[in-house]
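Visitor: One structure, pasted below without further comment.
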There are 2 protein chains.
Amino acid sequence: MLLNFEKAKPEEKSALKAEIKELRARLLAQQQRIRDAKLPVIVLLEGWAAAGKGSLINELINEIDPRFYNVTSPQVLPEAQERYPFLYQYASAIPENGKIMFYDSGWMEGAVRKYLHRDITRSQYKQRIRSIIEFERQLRDGGYIVLKLFLHVSQKEQHKRLAALKENFETEWRVTEDDLWQHREYDTFLETYDAFMERTNDPIKWHVLDASNRNQAVRDALKLLVKKIDKALDAGKYNGEPFKEDFPLIKMPKLSEVDLSPTIEEEEYKKELKKLQKRLGELHNTIYHKKIPVVLCYEGWDAAGKGGNIRRIAHPLDPRGFDVMPIASPEPHEINRQYLWRFWTRLPRSGHISIFDRTWYGRVMVERLEGFCSEKDWQRAYNEINEFERQLTDWGAVVLKFWIHIDQDTQLARFTERQNTPEKQWKITEEDWRNREKWPLYEIAVDEMLQKTSTENAPWFIIESNDKKYARIKTLKIVIDALEKACEAHIARGLD
Amino acid sequence: MLLNFEKAKPEEKSALKAEIKELRARLLAQQQRIRDAKLPVIVLLEGWAAAGKGSLINELINEIDPRFYNVTSPQVLPEAQERYPFLYQYASAIPENGKIMFYDSGWMEGAVRKYLHRDITRSQYKQRIRSIIEFERQLRDGGYIVLKLFLHVSQKEQHKRLAALKENFETEWRVTEDDLWQHREYDTFLETYDAFMERTNDPIKWHVLDASNRNQAVRDALKLLVKKIDKALDAGKYNGEPFKEDFPLIKMPKLSEVDLSPTIEEEEYKKELKKLQKRLGELHNTIYHKKIPVVLCYEGWDAAGKGGNIRRIAHPLDPRGFDVMPIASPEPHEINRQYLWRFWTRLPRSGHISIFDRTWYGRVMVERLEGFCSEKDWQRAYNEINEFERQLTDWGAVVLKFWIHIDQDTQLARFTERQNTPEKQWKITEEDWRNREKWPLYEIAVDEMLQKTSTENAPWFIIESNDKKYARIKTLKIVIDALEKACEAHIARGLD
């Protein structure tokens, strides 16, 4: 039991102050090294209400240059106001390389409080714990230093502090109903916090600080932080073996086995398109109303017809309820963070649809082939992406992934046509021709991606697109089918 | 009266369809030119409930490549849920160069609905109208194409449409209480919409579309958009004369007239610092509670002591309630938008404090001197900044601006010390030495800035910082004084 520790013996104040001063000087000196090493640091501060998280953070940042740190205070909203997946607000706030982010309570409080409030079920709580473990591991593997601190006070001490806050006119309003409820239910919280920390103690360890003596807590926190940063600066970029979980996978064919001959007659196409788009429009209304989030992922060969396919899906949708996210090469502020960050921040709100025109799978395709990340980085990515997508489907999202597929001859014909048609020339660049030369290498990467990431919850669909019209109709049908199932499941779960 | 127009005569459907097709092809062809010319386009769609804003947008984007446009649907929240200035959500959503942003209703609805709801007073409504005119002009002057459309239907037509929506099980929920209220109060809305458009018809003109015939509305909207883009592409970057309003200014001394000799004794400093920080901490509680937003702006010579000064302000603040915003050179996604965008997106929530370590005044200092913007650009900026800051104080924010001032000898001494102290070397770069050489040019720019932008609502304070300790105490006192006044005014306005 992590919270069962001896109360620290009071130490001499002047000695403590001297120690703190020395540790602060060391942290100050580390600033520049952190920046030079492009090391991102996360300090997660959890703990009891009135344990002094805010003032501890203040002591920690006291001498740090404001350019090097930020503090984020994620809110624990009532479930009805949450429009994003559980980890969204935490994942959106991760620091960029060379900076420190202090979380003034975070994902632990977000999970535990919701659970004890009965806002989420026991099985949802377990899902959240699993997501948290995955999130922390992915951060570590992405080169982040993550320090997790829990500020502990006894019920008696908490009582004293809450009473002091309430007595003072200027701080009275700070004591919330939730705080008082936690205080009354101290034992339940104690047990739940403790079990939570036991469950999430690996791969990132928890450190419990005795918060009854403020100076000691500051000293201990500084000591842990300075030590952790020193260790990381010495060790260099994390480079452990990829973590691998067995996800239930759907068997996918190799690209070379796919029959690309299917076509559709013009008249049949027009009739089907109209019918299917009408149906999709109706369904969009329903999923908007039921607040089901939808994530559609498009990948495929250059000139395979992604853009036109996306437009046929988007056409019947209410523009208030969807966004197309074109994914180009990352901007500097995106490269400077864990690679999934720029996708976390582009997720749809519940009831909305995000259509990704290229996706996070760039990691195991272009980044792999162009050497933009290390071999271990892209090898780890299969599992990381499966975890990420499961976090989305845990949230209730429909996640569908389309590989828009053509053969090399068709690509050549389309490239040539683009080259020869003035209005289309902007669509074709030198890079497209260069990528075309790497077709065999891409095919290996795509095959591996399809094998490793077509999970039951977030499946891949290969869309034969030598005939673009056939491809559009097939995609529409898959989307409609999945949305219908999601609406039925929503009703079946009694969520209506 | 803008809304008093003849209902358009019904035109022949097939001719309309052909026209729409042709216009769409032209818009498609403009895509690449927009991108090449780095032209940002805003299409604002306002209008009656059930007038068909959503489906009109859908018709407009039908053929555009998703990489070139986005749709945003700002929400009109109850006033109590608004934590940002009125224009915040609209200003945060402006497109980057080369892209089109469609606003599915926007600042017009945000102002009018709030006003008719009596969420805001008549004088607040007038402030919003003024802000809107400023906002639109600033966008135009920043090179944005802004097309404003109002979709008009008669009360009879609206009745028909609302009834049709309500009849259908799948769309019934789309008709909100607010829509029905608007329908009942049609005449009041008509009058208010009309007056609003009269007031905001300059510098960006409104276009009222008869929405009773969908195809005609689509054709008219496409025609206006295509024409506007063509005109802008021909005209090149906007380069009109700076707009100038007479703001009530506080007379500022020239930098050369400032007496930099004030100092403070060490003992006095320690005593004052402790006392003032304690007071600031208390006040932070109060402004947090009263939801007063605070914006503190720091500018000053290199090595003037901005960082240390900011730390002394930040120290007593609860980290949950403030952020330090270090402003470096803009990133590509920031350069690609109007220059105030990166500050709009960094504003504090109400009750929070944003401390800007360098600010939007970069426009009239480094950008002016290094030629990062045109002469007209920085000349326009004085007025634009005064408007921006008034929008913040209209919102209720406390805005204070500090010029941390030293003389050239002191700077040299500090530079040299940094150069000679290993832990401080990172603070000094070649660029600092280069900037130092331009001191006289900067002094001219700073003097002009202080003269032109020290408004009564957002004043500048010159902080003598040859003695950094003196500077910190002076800054603390100014902040405390302003916050105390803001709290009193808050009580006086009966907002408690």
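Ordering of the structure tokens sets the chain letters (A, B, ...); residue numbers start at 1 within each chain; ligands are numbered from 1 in the order shown.
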Write out, as a tab-separated table, each residue of chain B that has an atom at most 6 Å from chain A, together with the closest pair of atoms and their distance in Å to one decimal, counting only C-alpha atoms, rows going by chain and rising number.

Guide:
residue	atom	partner	partner_atom	distance
B:Gly54	CA	A:Pro319	CA	5.9
B:Arg67	CA	A:Pro326	CA	5.4
B:Ser73	CA	A:Arg320	CA	5.7
B:Asp318	CA	A:Gly54	CA	5.9
B:Pro319	CA	A:Gly54	CA	5.9
B:Arg320	CA	A:Ser73	CA	5.6
B:Pro326	CA	A:Arg67	CA	5.4

Visitor: Please identify the alpha helix (DSSP H) residues within stretch 273-441 of chain A (assignment by DSSP from backbone atoms) and present them as a compact mmCIF listing (two decimals) with N, CA, C and O atoms, in the first residue's frame.

Guide:
# COMPACT_ATOMS: atom_id res chain seq x y z
N LEU A 273 -25.34 6.65 -55.82
CA LEU A 273 -24.75 7.80 -55.13
C LEU A 273 -25.84 8.65 -54.48
O LEU A 273 -25.77 9.01 -53.30
N LYS A 274 -26.87 8.92 -55.23
CA LYS A 274 -27.96 9.75 -54.74
C LYS A 274 -28.62 9.10 -53.51
O LYS A 274 -28.84 9.74 -52.48
N LYS A 275 -28.90 7.82 -53.66
CA LYS A 275 -29.59 7.08 -52.60
C LYS A 275 -28.71 7.03 -51.33
O LYS A 275 -29.18 7.29 -50.22
N LEU A 276 -27.45 6.68 -51.54
CA LEU A 276 -26.56 6.51 -50.39
C LEU A 276 -26.28 7.86 -49.70
O LEU A 276 -26.22 7.94 -48.47
N GLN A 277 -26.11 8.90 -50.48
CA GLN A 277 -25.84 10.20 -49.87
C GLN A 277 -27.05 10.68 -49.06
O GLN A 277 -26.90 11.26 -48.00
N LYS A 278 -28.23 10.38 -49.58
CA LYS A 278 -29.43 10.76 -48.84
C LYS A 278 -29.44 10.04 -47.48
O LYS A 278 -29.67 10.64 -46.43
N ARG A 279 -29.13 8.76 -47.53
CA ARG A 279 -29.13 7.97 -46.31
C ARG A 279 -28.06 8.47 -45.33
O ARG A 279 -28.28 8.57 -44.12
N LEU A 280 -26.88 8.79 -45.87
CA LEU A 280 -25.80 9.27 -45.00
C LEU A 280 -26.19 10.60 -44.34
O LEU A 280 -25.90 10.83 -43.16
N GLY A 281 -26.86 11.45 -45.10
CA GLY A 281 -27.33 12.72 -44.54
C GLY A 281 -28.27 12.50 -43.36
O GLY A 281 -28.16 13.16 -42.33
N GLU A 282 -29.19 11.55 -43.51
CA GLU A 282 -30.11 11.23 -42.42
C GLU A 282 -29.35 10.72 -41.20
O GLU A 282 -29.58 11.12 -40.07
N LEU A 283 -28.41 9.81 -41.49
CA LEU A 283 -27.64 9.23 -40.38
C LEU A 283 -26.81 10.29 -39.65
O LEU A 283 -26.61 10.21 -38.45
N HIS A 284 -26.33 11.26 -40.39
CA HIS A 284 -25.53 12.31 -39.77
C HIS A 284 -26.38 13.06 -38.73
O HIS A 284 -25.93 13.36 -37.63
N ASN A 285 -27.60 13.31 -39.11
CA ASN A 285 -28.54 13.90 -38.15
C ASN A 285 -28.63 13.06 -36.87
O ASN A 285 -28.60 13.59 -35.76
N THR A 286 -28.75 11.77 -37.07
CA THR A 286 -28.94 10.88 -35.92
C THR A 286 -27.68 10.82 -35.05
O THR A 286 -27.77 10.91 -33.82
N ILE A 287 -26.54 10.66 -35.67
CA ILE A 287 -25.33 10.55 -34.83
C ILE A 287 -25.03 11.89 -34.15
O ILE A 287 -24.50 11.93 -33.04
N TYR A 288 -25.41 12.98 -34.81
CA TYR A 288 -25.23 14.30 -34.20
C TYR A 288 -26.10 14.39 -32.95
O TYR A 288 -25.66 14.81 -31.88
N HIS A 289 -27.31 13.95 -33.11
CA HIS A 289 -28.27 13.98 -32.03
C HIS A 289 -27.86 13.05 -30.88
O HIS A 289 -27.97 13.39 -29.70
N LYS A 290 -27.37 11.88 -31.23
CA LYS A 290 -26.98 10.89 -30.22
C LYS A 290 -25.56 11.14 -29.70
O LYS A 290 -25.05 10.38 -28.87
N LYS A 306 -8.42 9.95 -53.33
CA LYS A 306 -8.84 10.25 -51.96
C LYS A 306 -9.73 11.49 -51.90
O LYS A 306 -10.79 11.48 -51.29
N GLY A 307 -9.25 12.57 -52.55
CA GLY A 307 -9.97 13.84 -52.48
C GLY A 307 -11.41 13.73 -52.96
O GLY A 307 -12.34 14.17 -52.28
N GLY A 308 -11.60 13.12 -54.13
CA GLY A 308 -12.95 12.98 -54.69
C GLY A 308 -13.82 12.07 -53.83
O GLY A 308 -15.02 12.30 -53.66
N ASN A 309 -13.20 11.06 -53.29
CA ASN A 309 -13.92 10.13 -52.41
C ASN A 309 -14.40 10.88 -51.16
O ASN A 309 -15.57 10.79 -50.78
N ILE A 310 -13.51 11.63 -50.56
CA ILE A 310 -13.87 12.41 -49.37
C ILE A 310 -15.01 13.38 -49.69
O ILE A 310 -15.95 13.53 -48.92
N ARG A 311 -14.93 14.03 -50.86
CA ARG A 311 -15.98 15.00 -51.20
C ARG A 311 -17.35 14.33 -51.30
O ARG A 311 -18.35 14.92 -50.90
N ARG A 312 -17.39 13.10 -51.81
CA ARG A 312 -18.68 12.40 -51.93
C ARG A 312 -19.24 12.04 -50.56
O ARG A 312 -20.44 11.96 -50.36
N ILE A 313 -18.36 11.78 -49.61
CA ILE A 313 -18.82 11.51 -48.23
C ILE A 313 -19.29 12.83 -47.60
O ILE A 313 -20.32 12.90 -46.94
N ALA A 314 -18.49 13.87 -47.81
CA ALA A 314 -18.77 15.14 -47.13
C ALA A 314 -20.03 15.81 -47.67
O ALA A 314 -20.73 16.52 -46.93
N PRO A 332 6.79 23.06 -37.19
CA PRO A 332 7.77 22.95 -36.10
C PRO A 332 7.15 22.67 -34.73
O PRO A 332 7.64 21.82 -33.99
N HIS A 333 6.05 23.36 -34.39
CA HIS A 333 5.49 23.14 -33.05
C HIS A 333 4.87 21.75 -32.96
O HIS A 333 4.62 21.27 -31.85
N GLU A 334 4.63 21.11 -34.07
CA GLU A 334 4.10 19.75 -34.06
C GLU A 334 5.23 18.71 -33.97
O GLU A 334 5.13 17.74 -33.23
N ILE A 335 6.29 18.96 -34.72
CA ILE A 335 7.45 18.06 -34.66
C ILE A 335 8.02 18.02 -33.24
O ILE A 335 8.54 17.02 -32.80
N TRP A 341 0.33 13.94 -30.96
CA TRP A 341 -0.25 15.18 -30.44
C TRP A 341 -1.08 15.93 -31.48
O TRP A 341 -2.18 16.40 -31.21
N ARG A 342 -0.55 16.02 -32.69
CA ARG A 342 -1.28 16.81 -33.69
C ARG A 342 -2.57 16.13 -34.15
O ARG A 342 -3.38 16.74 -34.84
N PHE A 343 -2.74 14.86 -33.77
CA PHE A 343 -4.01 14.19 -34.07
C PHE A 343 -4.96 14.28 -32.87
O PHE A 343 -6.15 14.48 -33.04
N TRP A 344 -4.42 14.16 -31.69
CA TRP A 344 -5.24 14.39 -30.48
C TRP A 344 -5.97 15.73 -30.58
O TRP A 344 -7.15 15.84 -30.30
N VAL A 366 5.56 7.16 -44.61
CA VAL A 366 6.56 8.13 -45.05
C VAL A 366 7.67 8.33 -44.02
O VAL A 366 8.86 8.39 -44.36
N GLU A 367 7.32 8.39 -42.74
CA GLU A 367 8.37 8.63 -41.74
C GLU A 367 9.32 7.45 -41.64
O GLU A 367 10.52 7.60 -41.43
N ARG A 368 8.75 6.26 -41.81
CA ARG A 368 9.59 5.05 -41.83
C ARG A 368 10.52 5.06 -43.03
O ARG A 368 11.73 4.87 -42.91
N LEU A 369 9.95 5.33 -44.21
CA LEU A 369 10.74 5.19 -45.43
C LEU A 369 11.73 6.32 -45.63
O LEU A 369 12.80 6.12 -46.20
N GLU A 375 14.12 3.42 -36.38
CA GLU A 375 13.47 2.14 -36.64
C GLU A 375 12.61 1.74 -35.45
O GLU A 375 11.48 1.30 -35.61
N LYS A 376 13.16 1.90 -34.25
CA LYS A 376 12.37 1.55 -33.06
C LYS A 376 11.12 2.41 -32.95
O LYS A 376 10.07 1.96 -32.50
N ASP A 377 11.25 3.68 -33.33
CA ASP A 377 10.09 4.58 -33.28
C ASP A 377 8.93 4.02 -34.11
O ASP A 377 7.80 3.95 -33.65
N TRP A 378 9.20 3.68 -35.36
CA TRP A 378 8.07 3.22 -36.18
C TRP A 378 7.64 1.81 -35.82
O TRP A 378 6.47 1.45 -35.97
N GLN A 379 8.57 1.02 -35.29
CA GLN A 379 8.16 -0.32 -34.86
C GLN A 379 7.23 -0.23 -33.65
O GLN A 379 6.29 -1.01 -33.52
N ARG A 380 7.51 0.71 -32.76
CA ARG A 380 6.63 0.91 -31.61
C ARG A 380 5.26 1.44 -32.03
O ARG A 380 4.28 1.24 -31.35
N ALA A 381 5.24 2.13 -33.17
CA ALA A 381 4.03 2.87 -33.54
C ALA A 381 2.82 1.97 -33.78
O ALA A 381 1.70 2.37 -33.51
N TYR A 382 3.03 0.75 -34.29
CA TYR A 382 1.87 -0.12 -34.56
C TYR A 382 1.04 -0.29 -33.29
O TYR A 382 -0.18 -0.14 -33.27
N ASN A 383 1.74 -0.64 -32.23
CA ASN A 383 1.04 -0.86 -30.97
C ASN A 383 0.47 0.44 -30.40
O ASN A 383 -0.65 0.49 -29.91
N GLU A 384 1.26 1.49 -30.50
CA GLU A 384 0.81 2.79 -29.98
C GLU A 384 -0.45 3.24 -30.70
O GLU A 384 -1.39 3.78 -30.09
N ILE A 385 -0.49 3.03 -31.99
CA ILE A 385 -1.66 3.44 -32.78
C ILE A 385 -2.86 2.56 -32.43
O ILE A 385 -3.98 3.06 -32.29
N ASN A 386 -2.64 1.26 -32.26
CA ASN A 386 -3.75 0.41 -31.85
C ASN A 386 -4.33 0.86 -30.50
O ASN A 386 -5.54 0.85 -30.29
N GLU A 387 -3.44 1.25 -29.61
CA GLU A 387 -3.89 1.75 -28.31
C GLU A 387 -4.67 3.06 -28.46
O GLU A 387 -5.74 3.23 -27.88
N PHE A 388 -4.12 3.95 -29.23
CA PHE A 388 -4.76 5.25 -29.47
C PHE A 388 -6.16 5.05 -30.04
O PHE A 388 -7.14 5.65 -29.57
N GLU A 389 -6.27 4.18 -31.02
CA GLU A 389 -7.59 3.97 -31.65
C GLU A 389 -8.55 3.28 -30.69
O GLU A 389 -9.74 3.55 -30.71
N ARG A 390 -8.02 2.40 -29.84
CA ARG A 390 -8.90 1.78 -28.86
C ARG A 390 -9.40 2.83 -27.85
O ARG A 390 -10.54 2.77 -27.38
N GLN A 391 -8.55 3.78 -27.52
CA GLN A 391 -9.00 4.87 -26.64
C GLN A 391 -10.15 5.63 -27.30
O GLN A 391 -11.07 6.09 -26.62
N LEU A 392 -10.09 5.75 -28.60
CA LEU A 392 -11.19 6.44 -29.31
C LEU A 392 -12.46 5.59 -29.30
O LEU A 392 -13.55 6.11 -29.07
N THR A 393 -12.32 4.31 -29.54
CA THR A 393 -13.54 3.48 -29.58
C THR A 393 -14.07 3.25 -28.16
O THR A 393 -15.27 3.12 -27.96
N ASP A 394 -13.19 3.21 -27.16
CA ASP A 394 -13.66 3.18 -25.76
C ASP A 394 -14.57 4.37 -25.46
O ASP A 394 -15.54 4.27 -24.73
N TRP A 395 -14.21 5.48 -26.03
CA TRP A 395 -14.96 6.73 -25.85
C TRP A 395 -16.33 6.64 -26.54
O TRP A 395 -17.25 7.38 -26.21
N GLN A 408 -0.09 0.45 -60.36
CA GLN A 408 0.92 1.40 -60.84
C GLN A 408 0.59 1.99 -62.21
O GLN A 408 0.87 3.15 -62.46
N ASP A 409 -0.04 1.17 -63.06
CA ASP A 409 -0.40 1.69 -64.39
C ASP A 409 -1.42 2.81 -64.28
O ASP A 409 -1.32 3.83 -64.97
N THR A 410 -2.41 2.57 -63.44
CA THR A 410 -3.44 3.60 -63.26
C THR A 410 -2.83 4.88 -62.71
O THR A 410 -3.17 5.98 -63.13
N GLN A 411 -1.91 4.72 -61.77
CA GLN A 411 -1.28 5.93 -61.22
C GLN A 411 -0.54 6.69 -62.32
O GLN A 411 -0.67 7.91 -62.42
N LEU A 412 0.19 5.96 -63.14
CA LEU A 412 0.94 6.61 -64.21
C LEU A 412 0.00 7.37 -65.14
O LEU A 412 0.25 8.53 -65.50
N ALA A 413 -1.11 6.72 -65.49
CA ALA A 413 -2.08 7.37 -66.39
C ALA A 413 -2.62 8.66 -65.75
O ALA A 413 -2.73 9.70 -66.41
N ARG A 414 -2.91 8.60 -64.46
CA ARG A 414 -3.47 9.79 -63.79
C ARG A 414 -2.41 10.89 -63.63
O ARG A 414 -2.71 12.07 -63.77
N PHE A 415 -1.20 10.49 -63.30
CA PHE A 415 -0.11 11.48 -63.20
C PHE A 415 0.04 12.20 -64.55
O PHE A 415 0.16 13.42 -64.61
N THR A 416 0.05 11.42 -65.60
CA THR A 416 0.26 11.99 -66.93
C THR A 416 -0.88 12.93 -67.28
O THR A 416 -0.66 14.03 -67.80
N GLU A 417 -2.08 12.52 -66.95
CA GLU A 417 -3.22 13.38 -67.24
C GLU A 417 -3.12 14.69 -66.46
O GLU A 417 -3.39 15.77 -66.99
N ARG A 418 -2.72 14.60 -65.20
CA ARG A 418 -2.55 15.81 -64.40
C ARG A 418 -1.51 16.73 -65.01
O ARG A 418 -1.70 17.94 -65.09
N GLN A 419 -0.42 16.12 -65.42
CA GLN A 419 0.66 16.90 -66.02
C GLN A 419 0.19 17.64 -67.26
O GLN A 419 0.60 18.76 -67.53
N ASN A 420 -0.74 17.01 -67.99
CA ASN A 420 -1.16 17.58 -69.28
C ASN A 420 -2.41 18.45 -69.18
O ASN A 420 -2.86 18.97 -70.20
N GLU A 430 7.09 17.11 -58.15
CA GLU A 430 8.28 16.26 -58.27
C GLU A 430 8.24 15.14 -57.23
O GLU A 430 8.64 14.00 -57.47
N GLU A 431 7.75 15.52 -56.04
CA GLU A 431 7.74 14.55 -54.95
C GLU A 431 6.87 13.35 -55.28
O GLU A 431 7.17 12.22 -54.89
N ASP A 432 5.75 13.61 -55.97
CA ASP A 432 4.88 12.49 -56.35
C ASP A 432 5.65 11.50 -57.23
O ASP A 432 5.53 10.29 -57.08
N TRP A 433 6.43 12.05 -58.16
CA TRP A 433 7.21 11.16 -59.05
C TRP A 433 8.26 10.39 -58.23
O TRP A 433 8.50 9.21 -58.48
N ARG A 434 8.87 11.10 -57.30
CA ARG A 434 9.89 10.42 -56.46
C ARG A 434 9.24 9.31 -55.64
O ARG A 434 9.77 8.21 -55.54
N ASN A 435 8.08 9.63 -55.05
CA ASN A 435 7.39 8.60 -54.26
C ASN A 435 7.03 7.40 -55.12
O ASN A 435 7.07 6.26 -54.67
N ARG A 436 6.65 7.70 -56.35
CA ARG A 436 6.26 6.62 -57.26
C ARG A 436 7.40 5.61 -57.46
O ARG A 436 7.18 4.41 -57.53
N GLU A 437 8.62 6.15 -57.50
CA GLU A 437 9.77 5.26 -57.67
C GLU A 437 9.93 4.32 -56.48
O GLU A 437 10.51 3.26 -56.58
N TRP A 439 7.54 2.87 -54.93
CA TRP A 439 6.33 2.05 -54.80
C TRP A 439 6.58 0.71 -54.11
O TRP A 439 5.88 0.36 -53.14
N PRO A 440 7.61 -0.06 -54.55
CA PRO A 440 7.80 -1.38 -53.92
C PRO A 440 8.07 -1.28 -52.41
O PRO A 440 7.56 -2.08 -51.63
N LEU A 441 8.83 -0.26 -52.01
CA LEU A 441 9.12 -0.09 -50.58
C LEU A 441 7.85 0.30 -49.82
O LEU A 441 7.57 -0.20 -48.73

Visitor: Neighbours of stretch 447-460 of chain B within 7 Å (only C-alpha atoms; same-chain residues fewer than 6 positions away dropped), as a list in words?

Guide: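 Near neighbours after the sequence-gap exclusion: Phe247, Pro248, Leu249, Ile250, Lys251, Met252, Lys254, Leu255, Val364, Tyr382, Asn386, Glu389, Arg390, Thr393, Val399, Leu400, Lys401 and Phe402 of chain B.
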
Visitor: Find the residue from B:Gly300, B:Gly396, B:Gly110, B:Pro95 that sits nearest to B:Tyr193; use only C-alpha atoms when measuring.

Guide: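 Looking only at the distances to B:Tyr193, the closest residue turns out to be B:Gly110.
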
Visitor: Just list as a list in words whatever in stretch 160-297 of chain B DSSP marks as strand (DSSP E or B).

Guide: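 After running DSSP on the backbone, stretch 160-297 of chain B has strand (DSSP E or B) at Trp206, His207, Val208, Leu209, Asp210, Leu249, Val294, Val295, Leu296 and Cys297 of chain B.
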
Visitor: Name the closest residue to B:Met197 among the candidates B:Arg113, B:Lys148, B:Arg35, B:Arg493; distances are taken between atoms, counting only C-alpha atoms.

Guide: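 Using only C-alpha atoms, B:Met197 sits closest to B:Lys148.
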
Visitor: When you draw a straight line from atom CA of B:Glu191 to atom CA of B:Val208, how long is it in Å?

Guide: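 Computing it gives 14.4 Å between the two atoms.
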
Visitor: Quick one: residues within 9 Å of A:Pro203, only C-alpha atoms counted, chain neighbours fewer than 2 positions away excluded, as an MDAnalysis selection string?

Guide: chainID A and resid 133 136:137 140 200:201 205

Visitor: Neighbouring residues of B:Leu260 were defined as those with any atom within 12 Å, considering only C-alpha atoms; residues of the same chain fewer than 2 positions away were excluded. Please report them as a ChimeraX atom specification.

Guide: /B:255-258,262-263,304,404-410,462-468,470-471

Visitor: Go ahead and dump the residues you just picked, N, CA and C atoms, as a short mmCIF file (atom, residue, chain, number, x, y, z; two decimals), in the first residue's frame.

Guide:
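Saved result, selection.cif, follows:
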data_model
loop_
_atom_site.label_atom_id
_atom_site.label_comp_id
_atom_site.auth_asym_id
_atom_site.auth_seq_id
_atom_site.Cartn_x
_atom_site.Cartn_y
_atom_site.Cartn_z
N LEU B 255 11.94 58.56 -23.64
CA LEU B 255 12.83 57.69 -22.85
C LEU B 255 14.04 58.48 -22.35
N SER B 256 14.54 59.38 -23.20
CA SER B 256 15.75 60.11 -22.82
C SER B 256 15.50 61.05 -21.63
N GLU B 257 14.24 61.33 -21.36
CA GLU B 257 13.93 62.22 -20.24
C GLU B 257 13.75 61.48 -18.91
N VAL B 258 13.76 60.15 -18.98
CA VAL B 258 13.46 59.39 -17.77
C VAL B 258 14.67 59.34 -16.84
N PRO B 262 16.63 56.12 -9.52
CA PRO B 262 16.00 55.60 -8.31
C PRO B 262 16.50 54.20 -7.92
N THR B 263 16.71 54.02 -6.64
CA THR B 263 17.14 52.72 -6.13
C THR B 263 16.36 52.41 -4.87
N ALA B 304 17.09 44.07 -19.43
CA ALA B 304 16.53 45.09 -18.54
C ALA B 304 16.00 44.46 -17.25
N ILE B 404 10.22 48.09 -19.42
CA ILE B 404 11.29 47.92 -18.44
C ILE B 404 12.53 48.61 -19.02
N HIS B 405 12.92 49.67 -18.32
CA HIS B 405 13.86 50.61 -18.91
C HIS B 405 15.21 50.62 -18.20
N ILE B 406 16.27 50.61 -19.01
CA ILE B 406 17.63 50.79 -18.50
C ILE B 406 18.39 51.69 -19.47
N ASP B 407 19.58 52.09 -19.07
CA ASP B 407 20.38 52.86 -20.02
C ASP B 407 21.43 51.96 -20.68
N GLN B 408 22.11 52.51 -21.67
CA GLN B 408 23.03 51.69 -22.46
C GLN B 408 24.20 51.14 -21.65
N ASP B 409 24.67 51.94 -20.69
CA ASP B 409 25.80 51.47 -19.88
C ASP B 409 25.40 50.26 -19.05
N THR B 410 24.21 50.35 -18.46
CA THR B 410 23.74 49.23 -17.64
C THR B 410 23.60 47.98 -18.50
N ILE B 462 6.49 53.28 -17.54
CA ILE B 462 7.93 53.12 -17.72
C ILE B 462 8.51 52.72 -16.36
N ILE B 463 9.19 51.60 -16.33
CA ILE B 463 9.72 51.07 -15.07
C ILE B 463 11.24 51.24 -15.08
N GLU B 464 11.73 52.10 -14.20
CA GLU B 464 13.17 52.35 -14.13
C GLU B 464 13.85 51.12 -13.55
N SER B 465 14.70 50.50 -14.32
CA SER B 465 15.21 49.19 -13.91
C SER B 465 16.73 49.12 -13.89
N ASN B 466 17.40 50.29 -13.80
CA ASN B 466 18.84 50.22 -13.55
C ASN B 466 19.05 49.50 -12.22
N ASP B 467 18.15 49.77 -11.27
CA ASP B 467 18.10 48.98 -10.05
C ASP B 467 16.89 48.04 -10.18
N LYS B 468 17.18 46.76 -10.45
CA LYS B 468 16.10 45.80 -10.71
C LYS B 468 15.13 45.69 -9.54
N TYR B 470 14.29 48.00 -7.37
CA TYR B 470 13.37 49.14 -7.42
C TYR B 470 12.27 48.88 -8.44
N ALA B 471 12.69 48.35 -9.60
CA ALA B 471 11.74 48.09 -10.69
C ALA B 471 10.66 47.10 -10.26
#

Visitor: What gap, in Å, lies between atom CA of A:Ser123 and atom CA of A:Arg83?

Guide: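 Computing it gives 19.6 Å between the two atoms.
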
Visitor: Which value, in Å to one decimal, gives the distance between atom CA of A:Arg349 and atom CA of A:Pro293?

Guide: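 Spanning atom CA of A:Arg349 to atom CA of A:Pro293 is a straight-line distance of 6.5 Å.
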